[in-house]
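Chemist: The structure follows.
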Amino acid sequence: MEFLIILLIPVIAAALSLRSDKKGNLAAGGTIIGTLATFLLAMHVAFGSQPGAPGRTVALGGWLSCDGLSALILLLVSFVGFTASLFSWGYIGRTISGDSLNRARRYYTRYNLFLVSMLAVPLLSQVALVWIAVELTTLLSVFLVGFENSPEALEAAWKYVVLTCLGAALALIGVLILYWGLRISGAENFTWPGLVLAAPKIPPVFLKIAFFFILLGFGTKAGLVPLHTWLPDAHSQAPSPVCALLSGVETTTALYVIIRLLPVLNGVPGRPVATWFITFGLISAGAAAFLLLQVKDYKRLFAFSTIEHMGIILVAAGLGSGAAHLGALSQILAHAVTKSFCFFAAGTALLVSGTRDISSVRGLIRISPLAGISLMIGGLAIAGAPPFAVFLSEFSIIKAGLGSEHYVITGLLTLFIAIAFCGIMYQINRMVFGRPSAGAEASPLPASVVVTLALAVIPVVVLGLFIPSPLHHILQSAALAFGS
Amino acid sequence: MAQLNALAGGLFILTVLGIVGVRQVIGCLRLFIVQSVLLAASALILGIEHASIHLFVVAGITIGTKALVIPWLLYHVLSHEIHARREITQTLGIPTSLLIAAGLTMFAYFIVHPLLLVGSTPFVRINLPIGMAGLLIGGYAITVRREALPQLLGILTMENGAFMAGIAIAPDLPLISELAAAFDVLVIALVIGLLTRSIHKRVGTTLVGEMASLKEE
C-alpha cells in the first residue's frame, strides 16, 4: 500500500500545481510538502521492514515490489526530489521573476511528473513496464531541460530526447529478446526475480544479445562513453534543481536496470558481463576525466564528473567480489547525495554571478561566502577528498579491486580518479579564490536556497565519517541483488 | 499464411528503406503511415495463425496510434514543416545512405542468426531480422537526417522495427505492456512535436543538425 501512495503523492501534487492561485505558492508549497511526504514514506519502506529477512515486499497483486536495491534507489530519488523541490522554491522564483506565474506552475507540474516516473522505476516488478518507466523519465523531463527556452537549452533538450529515445528503442528489442528467452525456458514470470530463477534454462546466446542491447540502450541514458554526448549539454542547460535530479539520480535509475541484469547473466560461461562492465566503465571514467580538464562551464564540469562516476560504479559492479559490490552501492549512494549538493552549489553560484562561464567567475568567496564555501565543499566532496562520502566509497572500491588482484584495472581507475580530482579542483579553485572583478555585488540569496544547502550538505559530510547501521543494512541487502 | 506475412515483411523493409531514401518530409510521413499499416497487417496475420485475440488488439492499437493519431497530431502541430517543398538536408547523399541501409540489413541478419538457430518458427524467421533491420536503419536515419521531423520519424521507425520483431518473438507479452508502449509512442511523438515547434519559434529553423553551440572548444 505504501508503494502506491508513494507514486500517488507526486501525481496529486502535479494536479495541484495546475490549479491557479493568486500568489502562486500553492504549486511550490504543495510540491515541497508532497516530496517531503514521499521521502518520509520511502524511509518507512526502506527502514521499516528491518530487521526482518532482506526479502522482497510485494504489493498490488505483484505489480509493485521492493527489495534492498529498490529501497536504496527509492530512498535516493525521494531524498534528492525533496531537497531539489526546496531549492526550486527560491531558485525558480528568482530566475523567472517578472514572468507570469503560469511558467512556475508548469515547472512544478512537470517536476512532479518527472519525479513519479523515477520513483516508478525501482518499484515496478514487470521488466517491460520498467522499460516504459525509464523511457518516461526522459519524456517527462525534456521540457524541464528546455525550461529556460534559450536556443542553447532547446538544443540540449533536443539532443537529450533524440539520443535517449534512440537508446530506449535499442533497449526495447533487448527486453523483448529477454522475454522470448524466458518463454523458451518455459517460465512465465517476467519480473527480476523470475528472470534470475529462469536464467539457467535460458539459452546463453539470448541472454548475451539481450544484455548487449540493454547495456547499449540504457547505457546511453546513464551517460556511458561513447554515447554520452547529450549528457553534458542537458545537465548544464537545465535549471539547477533539475540538474540535481538528472545528474544525481536519473542516471542512477538507468544504471539500476543494467545492474539488475547482473545476476541473470552470472551463469553465462566466460562471464562476459564483467568484461563489458569493466571495459565500458573504464572508457567512461577515463574519457570523462580527460574531458573534465578542458571545460569552460562549471555546470558542465559537474556533468562530466557524473559520467566519470557512472564509469566507476560500473567497474566496481564488474569486479565481482562482494566487497566491490558493496563499494559500487556506496558509490551510488555517495554520488547521489554529493552530486545533487554540487548542483545546488552551482545553482547558487549562478544566482550570485549570473554566468556559467568559469573564467568570468573569480573570488566567489568574497562576493558571497555561502556560495563560495558550498562550491568548495561540493568540489572537494565530488572529487573524492576526505572526509567526504565519495572518498569513503572510492576508497572501498579500490581496496576491493586490490583485494581481488585486479591490479591493472584498479591502477587505471585510481589514475582516472586522480586526474579528475586535479581537473575539478583546479577549476573550482580558480572560481572560489582570487580577486573578484570590480563591481561584482551579491544580492541576498533566497532563504530556501540557504536552507537547502544546509540540509543537503549533512549526508555529504556524515556519510564520509561513517555509514549509519540501518543504511549499512540496506546496502548489504541491496548487494544481494548483485548475486555475487 | 507464412507467405502473406513474408509479403507484409518485405513491403515493411521497403518502407523502412524509404525513410532514409525519400527526399521530402511529406513523403517520409506517408511512408511511415504505410509502414505502420504493414506492421498491423503482420500482427493480424500472426493473430489468425496463433488464434490470439491479443494480437488483434495489438494490430488495432497500432493502426489507431501510429496510422491515425500520430499523423493527425503532427499535421496539427507542425503543418508548415510537413508541407515544406524542399529536400531534406542530410549529411550523406541518398545513394550512399541506401547502400549503408542495405549493409545494415545484412548486419541485422548477422546479429539475429544465432537466435534463429535456437528458437525459430516461420514467422520469427521473417519478422525478427526485418524488425532488427528496421531498428538499425531507423537509428541510422536519425544520425544522417539533419532535420527535426525526419529524425522523429527515424525514432518511430526504430520502435516499429522493435514491435515488428516483438509480435513474432513475444506474442503473449502482457497486454498492459502493449497498451503502455502505445501510450509511450504517442508521448514521444507529442513531446518531440512540441519541442520542434518551440525550436522553430525560438531559433527560426528546424535544422537541428545545425545547432552546435554546446561543445567543448
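In the C-alpha cells, the first chain shown is A, the next is B, and so on; residue numbers restart at 1 for each chain, and ligands run from 1 in the order shown.
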Skipping near chain neighbours, those fewer than 5 positions away, what residues fall within 8 Å of Ser88 of chain A using only C-alpha atoms, listed as a PyMOL selection string?
Modeler: chain A and resi 28+93+241+449
Chemist: For Leu149 of chain B, find every residue with an atom within 10 Å (counting only C-alpha atoms), except residues of its own chain fewer than 5 positions away, and show them as a PyMOL selection string.
Modeler: chain B and resi 25-26+28-29+74+78+81-82+88+142+154-155+189+192-193+196+206-208
Chemist: Keeping C-alpha atoms for every residue in the selection just given, could you write it to a file as a compact mmCIF listing (two decimals), in the first residue's frame?
Modeler:
# COMPACT_ATOMS: atom_id res chain seq x y z
CA VAL B 25 9.09 15.35 -45.44
CA ILE B 26 5.55 14.61 -46.58
CA CYS B 28 8.53 10.32 -45.29
CA LEU B 29 5.40 10.75 -43.22
CA LEU B 74 1.95 16.02 -36.46
CA LEU B 78 3.84 21.04 -37.47
CA GLU B 81 7.11 21.65 -41.66
CA ILE B 82 5.25 18.81 -43.29
CA ILE B 88 15.53 17.14 -46.50
CA ILE B 142 18.35 9.70 -37.02
CA GLY B 154 13.60 7.72 -37.50
CA ILE B 155 12.78 7.13 -33.83
CA ALA B 189 5.51 12.00 -30.91
CA ILE B 192 9.16 15.84 -29.91
CA GLY B 193 6.48 17.57 -31.98
CA THR B 196 10.21 21.02 -32.64
CA THR B 206 14.22 23.04 -37.59
CA LEU B 207 17.63 22.15 -38.94
CA VAL B 208 18.59 20.55 -35.66
Chemist: Would you mind listing, for every residue of chain B within 9 Å of chain A, the two atoms forming the shortest contact and the distance between them in Å to one decimal, using only C-alpha atoms, sorted by chain and ascending residue number, as a tab-separated table?
Modeler:
residue	atom	partner	partner_atom	distance
B:Ile111	CA	A:Ile209	CA	8.3
B:Val112	CA	A:Ile209	CA	8.7
B:Pro114	CA	A:Val205	CA	7.0
B:Leu115	CA	A:Phe206	CA	6.5
B:Val118	CA	A:Pro203	CA	7.9
B:Gly119	CA	A:Ile184	CA	7.4
B:Met132	CA	A:Ile173	CA	8.1
B:Leu135	CA	A:Leu170	CA	7.4
B:Leu136	CA	A:Leu170	CA	8.6
B:Gly138	CA	A:Leu166	CA	8.8
B:Gly139	CA	A:Leu166	CA	6.5
B:Ile142	CA	A:Val162	CA	8.0
B:Ala148	CA	A:Trp158	CA	8.8
B:Gln151	CA	A:Val162	CA	7.7
B:Leu152	CA	A:Val162	CA	7.6
B:Gly154	CA	A:Leu166	CA	8.8
B:Ile155	CA	A:Leu166	CA	6.2
B:Leu156	CA	A:Ala169	CA	8.9
B:Met158	CA	A:Ala169	CA	6.1
B:Glu159	CA	A:Ala169	CA	5.8
B:Gly161	CA	A:Ile173	CA	8.7
B:Ala162	CA	A:Ile173	CA	5.4
B:Phe163	CA	A:Ile173	CA	8.1
B:Ala165	CA	A:Ile173	CA	7.8
B:Gly166	CA	A:Leu176	CA	6.0
B:Ile169	CA	A:Trp180	CA	5.6
B:Ala170	CA	A:Trp180	CA	5.5
B:Leu173	CA	A:Tyr179	CA	7.9
B:Pro174	CA	A:Ala128	CA	8.8
B:Ile176	CA	A:Leu129	CA	8.4
B:Ser177	CA	A:Leu129	CA	6.1
B:Ala180	CA	A:Ile132	CA	7.1
B:Ala181	CA	A:Ile132	CA	6.7
B:Asp184	CA	A:Ile132	CA	7.0
B:Val187	CA	A:Leu139	CA	7.2
B:Ile188	CA	A:Leu139	CA	6.7
B:Val191	CA	A:Leu139	CA	6.8
B:Ile192	CA	A:Val161	CA	7.6
B:Leu195	CA	A:Trp158	CA	7.3
B:Thr196	CA	A:Trp158	CA	8.2
B:Ser198	CA	A:Leu154	CA	7.9
B:Ile199	CA	A:Leu154	CA	6.3
B:Arg202	CA	A:Pro151	CA	6.6
B:Val203	CA	A:Pro151	CA	6.0
B:Val208	CA	A:Glu155	CA	7.5
B:Met211	CA	A:Glu155	CA	6.3
B:Ala212	CA	A:Glu155	CA	7.7
B:Ser213	CA	A:Glu152	CA	6.8
B:Leu214	CA	A:Asp233	CA	6.4
B:Lys215	CA	A:Asp233	CA	7.8
B:Glu216	CA	A:Val295	CA	6.2
B:Glu217	CA	A:Gln294	CA	7.9
Chemist: Just C-alpha atoms for this one: save the residues we selected as a JSON list (two decimals), in the first residue's frame.
Modeler:
[["chain", "number", "residue", "atom", "x", "y", "z"],
["B", 111, "ILE", "CA", 23.00, -10.37, -35.38],
["B", 112, "VAL", "CA", 19.86, -12.47, -35.16],
["B", 114, "PRO", "CA", 22.40, -17.24, -33.51],
["B", 115, "LEU", "CA", 18.94, -16.58, -32.06],
["B", 118, "VAL", "CA", 17.57, -21.91, -31.18],
["B", 119, "GLY", "CA", 14.00, -20.77, -31.37],
["B", 132, "MET", "CA", 16.05, -5.72, -36.40],
["B", 135, "LEU", "CA", 15.61, -0.79, -35.78],
["B", 136, "LEU", "CA", 19.12, -0.30, -37.15],
["B", 138, "GLY", "CA", 15.81, 3.88, -38.13],
["B", 139, "GLY", "CA", 18.79, 4.62, -35.92],
["B", 142, "ILE", "CA", 18.35, 9.70, -37.02],
["B", 148, "ALA", "CA", 13.68, 17.60, -36.74],
["B", 151, "GLN", "CA", 14.66, 12.45, -37.02],
["B", 152, "LEU", "CA", 11.39, 11.88, -35.18],
["B", 154, "GLY", "CA", 13.60, 7.72, -37.50],
["B", 155, "ILE", "CA", 12.78, 7.13, -33.83],
["B", 156, "LEU", "CA", 9.28, 5.95, -34.66],
["B", 158, "MET", "CA", 13.01, 2.14, -34.69],
["B", 159, "GLU", "CA", 10.00, 1.49, -32.45],
["B", 161, "GLY", "CA", 11.06, -2.31, -36.06],
["B", 162, "ALA", "CA", 11.21, -3.40, -32.43],
["B", 163, "PHE", "CA", 7.48, -4.17, -32.46],
["B", 165, "ALA", "CA", 10.18, -8.34, -34.07],
["B", 166, "GLY", "CA", 8.17, -8.25, -30.85],
["B", 169, "ILE", "CA", 9.05, -13.36, -30.63],
["B", 170, "ALA", "CA", 6.86, -12.23, -27.75],
["B", 173, "LEU", "CA", 3.57, -10.20, -23.72],
["B", 174, "PRO", "CA", 1.11, -8.92, -21.08],
["B", 176, "ILE", "CA", -0.77, -3.85, -20.27],
["B", 177, "SER", "CA", 2.77, -3.57, -21.63],
["B", 180, "ALA", "CA", 1.66, 1.30, -22.13],
["B", 181, "ALA", "CA", 4.03, 1.07, -25.10],
["B", 184, "ASP", "CA", 4.64, 5.80, -24.79],
["B", 187, "VAL", "CA", 4.02, 10.71, -25.84],
["B", 188, "ILE", "CA", 7.25, 10.54, -27.88],
["B", 191, "VAL", "CA", 6.88, 15.71, -26.88],
["B", 192, "ILE", "CA", 9.16, 15.84, -29.91],
["B", 195, "LEU", "CA", 9.76, 20.62, -28.87],
["B", 196, "THR", "CA", 10.21, 21.02, -32.64],
["B", 198, "SER", "CA", 9.32, 25.66, -29.82],
["B", 199, "ILE", "CA", 12.67, 25.28, -31.58],
["B", 202, "ARG", "CA", 12.76, 30.38, -30.87],
["B", 203, "VAL", "CA", 15.57, 29.56, -33.28],
["B", 208, "VAL", "CA", 18.59, 20.55, -35.66],
["B", 211, "MET", "CA", 22.56, 23.54, -33.72],
["B", 212, "ALA", "CA", 26.02, 23.06, -32.29],
["B", 213, "SER", "CA", 26.69, 25.87, -29.86],
["B", 214, "LEU", "CA", 27.14, 23.46, -26.95],
["B", 215, "LYS", "CA", 30.53, 21.85, -27.15],
["B", 216, "GLU", "CA", 34.00, 21.96, -25.72],
["B", 217, "GLU", "CA", 36.37, 24.18, -27.63]]
Chemist: Nearest to Pro446 of chain A among A:Pro470, A:Gly194, A:Gly311, A:Gly347, with distances taken over only C-alpha atoms: which residue is it?
Modeler: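 Nearest candidate to Pro446 of chain A out of A:Pro470, A:Gly194, A:Gly311, A:Gly347: A:Gly347.
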Chemist: Atom CA of Val20 of chain B and atom CA of Ile61 of chain B are how many Å apart?
Modeler: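 Taking atom CA of Val20 of chain B and atom CA of Ile61 of chain B, their separation equals 25.6 Å.
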Chemist: Apply DSSP to the structure's backbone, then extract all residues of segment 29-150 of chain B labelled helix (DSSP H, G or I) and return them as number ranges by chain.
Modeler: B: 29-50, 53-77, 79-82, 94-118, 122-144, 148-150
